[in-house]
Every structure is written in C-alpha cells, then in structure tokens.
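Inspection log for the structure reproduced underneath, given as structure tokens.
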Amino acid sequence: MPSSTGINPIPDCQITWIIGLLETLEDRGGRDDGYKIARELNFNFGDLLKVMKAAEILNLVSTPSGDVQLEALGRRFLASDINQRKLIVREQLKQHGLFNYLIRLLRAQEDHALTREVVLEHLAMVLPNEPPEALFATVVNWGRFAELFGFNKDEDRFYLDQE
Amino acid sequence: MALLELKHVEKSFVHPNGVLRVLEDISFSVAEGQFVAVVGPSGSGKSTMLRIINGLIPASAGEVLYQGRQVDGVNPEAALVFQSFALLPWLTVKANVELGLEARGVPPAAREKRAAFYIDKVGLDGFEEAYPRELSGGMKQRVGLARALAVEPRVLLMDEPFSALDALTAISLREELLDIWQSRDLPVHTIMLVTHIIEEAVELADRILVLSAHPGRLVADLTVELKRPRDRRKDSFNALVDKVFSLIEERG
C-alpha cells in the first residue's frame, strides 16, 4: 500500500527469484503471461506476483495487463556478470524511497550503524501496515546483495556497507 | 589420458536379508573439460557412484582411476556439492566457505583470501557475515558451491544440487553454474552432475550417462550436440529429453 511519505514497501521476495524470472522471460522471447509462467514452472502464483512486483520496482520488467515484459535494464542485467548485476540493483535501490530513507538514516549516525530494534521502529513508523520483521529480513537480503547494507547478527549492527 | 576413469565398478551392500547390488559393471571415462550429467531413476545408484568417484566410499570391485592412478581414499582434486547444502548453521557464510580449506591445512591468511575470491565469484559478496538461517535456498546453495570451489578442485561433483530448490531459483543457479564452468579464470573445468531431472541434464551437459535401476547399469552414453545457450522450447531439445526419458522407462 503506498504511503503519504512516498515510501513504499518492497515485496517479500528473494533476489534469486528475480534473476530466475528474467532468465525465464529471455527464454520466452521477452514477454509472457504471469499466470502461464507460474503454471508451467509449477511455481506458486502468489509468489510469482511478488517476483513480478519486485522486478518492476527495480525497473527490470514492466507488467502490462497481467503479462510480464523484460525491459531494457532487465536485458542489460542478464548480459552482465554477477558483480555488474549487483551494481544495477544497487543504483535502482538508491532511488527507492525506503532504501533512500534507510541510507539517510544510517548516514546520520556517527558510526553509520543502528541496532535491529531501532530499524524495526523506523520501519513500523514509515510503513505501519507492513510486518516489520519480515520487511527487515527482505531489506537485509536485498541490501546485502546490492552491497548497500550489512547486518551483523552477533553484534546486532545494521550498517551502511560502502559509499 | 582421461582425467577420470571407472573400470568395471561394482557396489553391493550387505544387509540381514541378503546382498543388495547397487552398481553393476560401470565403465566409462571422462576427459578434462567435460560437463557430464548422470541420470537415472531412484535406485540406480547414481549418488553412490558419485561418492565412489570422490573416494568417500569404496567400490566393492573394479577400479576408479584419476589421471591414470587408482583413487585411494578421498580425492583431494575433487569436491562435492550436496542437495541438502550441508552447511553448518552456527557458522557464518565466510566460515562455512573456509571450512574445507581449514580441513586441507590451508593457512589462515590464504584461507581468507581464497574464500573471498570464491564468495565474489558466486555472487555472495555482502553476505559474508550472514548465517545460513538468514538465507534463501538459492543463497545457501551458492555457499555450498563457493565452499566446493574454494578447495580449487579439478573435478566438481554435484549430487542433485538444484533438486531441493523451486523452479525460479533452479533456473537462476543453472545459468550461474554454466558461467562458472565456462569462466577461464577458475581452475575447475570438469563437472559431473547427478540429477533425476532430464531437462536439467539436457540443458547443462555435453554428455549424458543413463543408468538403469536395481542394480544400476550404464545403459546409454549420449553426446549432447545442441548449441549453447540451449533453448528448452526447441524441438531438438525436446526430442533429446524424450529419448533419455524412453531409455530410462525401458530399463528402469
């Protein structure tokens, strides 16, 4: 659900799923029906909708009328090696309201780090309709992949990975 | 000389009601640089064969040769990737990747450097301090792959590596495995992958060994001539899938 702050949630979706969707689309000529893909791959349709949404947030695909279509950035992503792929995701996430908010929040800290508890409070505040623990887990996973955020469970430290 | 050769390998297990013959008269050789898939129904002993090649379990009869010499104990130039990932839950990603190196006596500084290199190669940069519980199945198997690659094997042995993963994850990891196999800056050029998914074998391998079940016998040794990247929607792809399927059906 969009919020008045311009900060939108991200779907609870694994990065590997997004890569898998892009590969599948490439095999299918760049565009196909979401429901058909889910059925043919025997992949949960509810999960596939999340993957489509996540890939759309990253500008890798568009989703015209139930279809999912590979976009130019998605093609560039597929042609890239794993480290270039991380950079593409990183640049997209920096533009995303939630990640942008967290980057600014961490930058404002002396050591560019916060505890999990404090981050959960911020998430609950900016996105009151989202379960904060699940959102935190997704933010950490995407943030790690993009090398934007790190999280050290032992030290309870959520931090800015690199500038 | 073949990198790897099996000569009349047999494997039987003795149990209270008699002897179970798992593998019977398995002979083939693998040249360096090949991607070989082994397919067969359950009960064909394909995972057992992989463990015999690795030296984890001995053959009951026959010989396993590596570079012309008989394998005695675990082959230090082979590494296994497991379906279950086999990660230690109390260790971080980095520590899990370093584990195999520690066991092989690589000193700490070199261990760290090599682990970092392979963590980067499989796309796990940024996940070094994560615990397995924090990771999706796809990321866990990347850890399993990095751990196997870090020992710099010449042969990578993979036992149903993608069978426990959902379709989208498996699609993504298969592509990444091909990139790793084709990458010139890595020492591993030879892969042997056991799978029960025929499409997976046809998509990835240069060559497919088909085993029958009870006991496992080598019933076919097929060369895959399809050009890469392979298109699953092509008739030639499906024709080969059907051929392998019928070989298994007939004998299985």
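The chains in the structure tokens are called A, B, ... from first to last as shown; in each chain the residues are counted from 1, and the ligands are counted from 1 in the order shown.
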Open item on the list: Need to verify the contact set: segment 192-196 of chain B, 6 Å, only C-alpha atoms, exclusion of same-chain residues closer than 4 positions in sequence. Can you return it as a ChimeraX atom specification?
Closed with: /B:36-39,157-160
Output N, CA, C and O atoms of each residue in that selection to a file, as a short mmCIF file (atom, residue, chain, number, x, y, z; two decimals), in the first residue's frame.
data_model
loop_
_atom_site.label_atom_id
_atom_site.label_comp_id
_atom_site.auth_asym_id
_atom_site.auth_seq_id
_atom_site.Cartn_x
_atom_site.Cartn_y
_atom_site.Cartn_z
N VAL B 36 29.48 -33.58 -17.59
CA VAL B 36 28.78 -34.87 -17.71
C VAL B 36 27.61 -34.90 -16.75
O VAL B 36 27.77 -34.60 -15.56
N ALA B 37 26.44 -35.25 -17.26
CA ALA B 37 25.30 -35.44 -16.37
C ALA B 37 25.03 -36.93 -16.24
O ALA B 37 25.21 -37.69 -17.19
N VAL B 38 24.64 -37.33 -15.04
CA VAL B 38 24.28 -38.73 -14.80
C VAL B 38 22.81 -38.75 -14.43
O VAL B 38 22.41 -38.12 -13.45
N VAL B 39 22.00 -39.44 -15.23
CA VAL B 39 20.57 -39.51 -14.92
C VAL B 39 20.16 -40.97 -14.71
O VAL B 39 20.81 -41.88 -15.21
N LEU B 157 31.92 -32.39 -8.37
CA LEU B 157 30.91 -33.45 -8.34
C LEU B 157 29.66 -32.89 -7.67
O LEU B 157 29.73 -32.38 -6.55
N MET B 158 28.53 -32.95 -8.37
CA MET B 158 27.33 -32.32 -7.84
C MET B 158 26.21 -33.35 -7.74
O MET B 158 25.83 -33.96 -8.73
N ASP B 159 25.69 -33.52 -6.53
CA ASP B 159 24.65 -34.52 -6.29
C ASP B 159 23.29 -33.85 -6.16
O ASP B 159 22.96 -33.31 -5.11
N GLU B 160 22.52 -33.86 -7.23
CA GLU B 160 21.18 -33.23 -7.26
C GLU B 160 21.21 -31.82 -6.67
O GLU B 160 20.40 -31.49 -5.80
#
Check every residue of chain A for an atom within 7 Å of chain B, counting only C-alpha atoms, and provide those that qualify as a PDB file with C-alpha atoms, in the first residue's frame.
ATOM      1  CA  GLN A  14      14.230 -13.482  -2.922  1.00  0.00           C
ATOM      2  CA  THR A  16      17.452 -15.231  -6.851  1.00  0.00           C
ATOM      3  CA  TRP A  17      13.783 -15.431  -7.880  1.00  0.00           C
ATOM      4  CA  ILE A  19      17.114 -13.432 -11.655  1.00  0.00           C
ATOM      5  CA  GLY A  20      15.192 -16.634 -12.418  1.00  0.00           C
ATOM      6  CA  LEU A  21      12.226 -14.656 -13.739  1.00  0.00           C
ATOM      7  CA  GLU A  23      16.128 -15.767 -17.403  1.00  0.00           C
ATOM      8  CA  ASP A  27      13.820 -17.924 -22.918  1.00  0.00           C
ATOM      9  CA  LEU A  41       7.107 -23.776 -13.808  1.00  0.00           C
ATOM     10  CA  PHE A  43       5.738 -22.045  -9.070  1.00  0.00           C
ATOM     11  CA  ILE A  82      27.283 -11.078 -11.168  1.00  0.00           C
ATOM     12  CA  ASN A  83      29.128  -8.004  -9.887  1.00  0.00           C
ATOM     13  CA  ARG A 144      23.425  -7.387   1.193  1.00  0.00           C
ATOM     14  CA  PHE A 145      23.060  -8.396  -2.445  1.00  0.00           C
ATOM     15  CA  GLU A 147      26.240  -4.282  -1.000  1.00  0.00           C
ATOM     16  CA  GLY A 150      25.298  -5.090   6.062  1.00  0.00           C
ATOM     17  CA  ASN A 152      25.902  -8.469  11.802  1.00  0.00           C
TER      18      ASN A 152
END
- [ ] Could you find all residues in segment 6-186 of chain B that DSSP calls alpha helix (DSSP H) from the backbone, and write them as a count of residues only?
- [x] 64
Open item on the list: For a quick check of understanding, using only C-alpha atoms, which of B:Ala103, B:Gly33, B:Ala239, B:Asn17 has the smallest distance to Arg184 of chain B?
Closed with: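 Selected residue with least distance to Arg184 of chain B: B:Gly33.
Residues lying within 8 Å of Ala113 of chain A, counting only C-alpha atoms and ignoring same-chain neighbours fewer than 6 positions away, are A:Leu106, A:Arg157, A:Phe158, A:Tyr159, A:Leu160.
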Need to verify the contact set: Leu98 of chain A, 10 Å, only C-alpha atoms, exclusion of same-chain residues closer than 4 positions in sequence. Can you return it as a PDB file with N, CA, C and O atoms, in the first residue's frame?
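Writing the result to part25.pdb gives the following:
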ATOM      1  N   THR A   5       4.168   9.293   2.746  1.00  0.00           N
ATOM      2  CA  THR A   5       5.551   9.765   2.829  1.00  0.00           C
ATOM      3  C   THR A   5       6.322   9.505   1.539  1.00  0.00           C
ATOM      4  O   THR A   5       7.482   9.869   1.439  1.00  0.00           O
ATOM      5  N   GLY A   6       5.690   8.847   0.549  1.00  0.00           N
ATOM      6  CA  GLY A   6       6.405   8.489  -0.672  1.00  0.00           C
ATOM      7  C   GLY A   6       7.293   7.277  -0.474  1.00  0.00           C
ATOM      8  O   GLY A   6       8.113   6.941  -1.318  1.00  0.00           O
ATOM      9  N   ILE A   7       7.141   6.622   0.664  1.00  0.00           N
ATOM     10  CA  ILE A   7       7.936   5.427   0.942  1.00  0.00           C
ATOM     11  C   ILE A   7       7.047   4.205   0.776  1.00  0.00           C
ATOM     12  O   ILE A   7       6.052   4.062   1.469  1.00  0.00           O
ATOM     13  N   ASN A   8       7.420   3.363  -0.181  1.00  0.00           N
ATOM     14  CA  ASN A   8       6.631   2.164  -0.441  1.00  0.00           C
ATOM     15  C   ASN A   8       7.369   0.928   0.047  1.00  0.00           C
ATOM     16  O   ASN A   8       8.597   0.910   0.066  1.00  0.00           O
ATOM     17  N   PRO A   9       6.601  -0.100   0.414  1.00  0.00           N
ATOM     18  CA  PRO A   9       7.260  -1.328   0.858  1.00  0.00           C
ATOM     19  C   PRO A   9       7.869  -2.075  -0.322  1.00  0.00           C
ATOM     20  O   PRO A   9       7.580  -1.769  -1.474  1.00  0.00           O
ATOM     21  N   ILE A  10       8.701  -3.048  -0.035  1.00  0.00           N
ATOM     22  CA  ILE A  10       9.156  -3.952  -1.080  1.00  0.00           C
ATOM     23  C   ILE A  10       8.582  -5.322  -0.769  1.00  0.00           C
ATOM     24  O   ILE A  10       8.411  -5.689   0.400  1.00  0.00           O
ATOM     25  N   LEU A  93      18.071   0.597  -6.145  1.00  0.00           N
ATOM     26  CA  LEU A  93      17.616   0.681  -4.747  1.00  0.00           C
ATOM     27  C   LEU A  93      17.874   2.057  -4.145  1.00  0.00           C
ATOM     28  O   LEU A  93      17.108   2.523  -3.312  1.00  0.00           O
ATOM     29  N   LYS A  94      18.960   2.687  -4.587  1.00  0.00           N
ATOM     30  CA  LYS A  94      19.249   4.024  -4.060  1.00  0.00           C
ATOM     31  C   LYS A  94      18.118   5.000  -4.380  1.00  0.00           C
ATOM     32  O   LYS A  94      17.910   5.975  -3.660  1.00  0.00           O
ATOM     33  N   LEU A 102      16.514   4.727   4.578  1.00  0.00           N
ATOM     34  CA  LEU A 102      17.443   3.999   5.461  1.00  0.00           C
ATOM     35  C   LEU A 102      18.886   4.452   5.252  1.00  0.00           C
ATOM     36  O   LEU A 102      19.656   4.545   6.213  1.00  0.00           O
ATOM     37  N   ILE A 103      19.246   4.760   4.014  1.00  0.00           N
ATOM     38  CA  ILE A 103      20.606   5.255   3.748  1.00  0.00           C
ATOM     39  C   ILE A 103      20.819   6.571   4.493  1.00  0.00           C
ATOM     40  O   ILE A 103      21.828   6.767   5.179  1.00  0.00           O
ATOM     41  N   LEU A 123      10.871   1.244  10.588  1.00  0.00           N
ATOM     42  CA  LEU A 123      10.051   0.572   9.570  1.00  0.00           C
ATOM     43  C   LEU A 123       8.581   0.623   9.968  1.00  0.00           C
ATOM     44  O   LEU A 123       7.707   0.891   9.137  1.00  0.00           O
ATOM     45  N   VAL A 126       7.335   4.289   9.289  1.00  0.00           N
ATOM     46  CA  VAL A 126       7.131   4.736   7.906  1.00  0.00           C
ATOM     47  C   VAL A 126       6.193   3.821   7.121  1.00  0.00           C
ATOM     48  O   VAL A 126       5.556   4.258   6.166  1.00  0.00           O
ATOM     49  N   LEU A 127       6.101   2.559   7.515  1.00  0.00           N
ATOM     50  CA  LEU A 127       5.208   1.624   6.820  1.00  0.00           C
ATOM     51  C   LEU A 127       4.385   0.840   7.842  1.00  0.00           C
ATOM     52  O   LEU A 127       4.606  -0.351   8.064  1.00  0.00           O
ATOM     53  N   VAL A 139      14.813  -6.330   3.477  1.00  0.00           N
ATOM     54  CA  VAL A 139      15.729  -5.190   3.305  1.00  0.00           C
ATOM     55  C   VAL A 139      17.185  -5.663   3.475  1.00  0.00           C
ATOM     56  O   VAL A 139      18.072  -5.290   2.703  1.00  0.00           O
TER      57      VAL A 139
END
TODO: Could you jot down the atom CA of Lys234 of chain B to atom CA of Leu222 of chain B separation for me, Å, one decimal place?
DONE: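 Separation of atom CA of Lys234 of chain B and atom CA of Leu222 of chain B: 18.6 Å.
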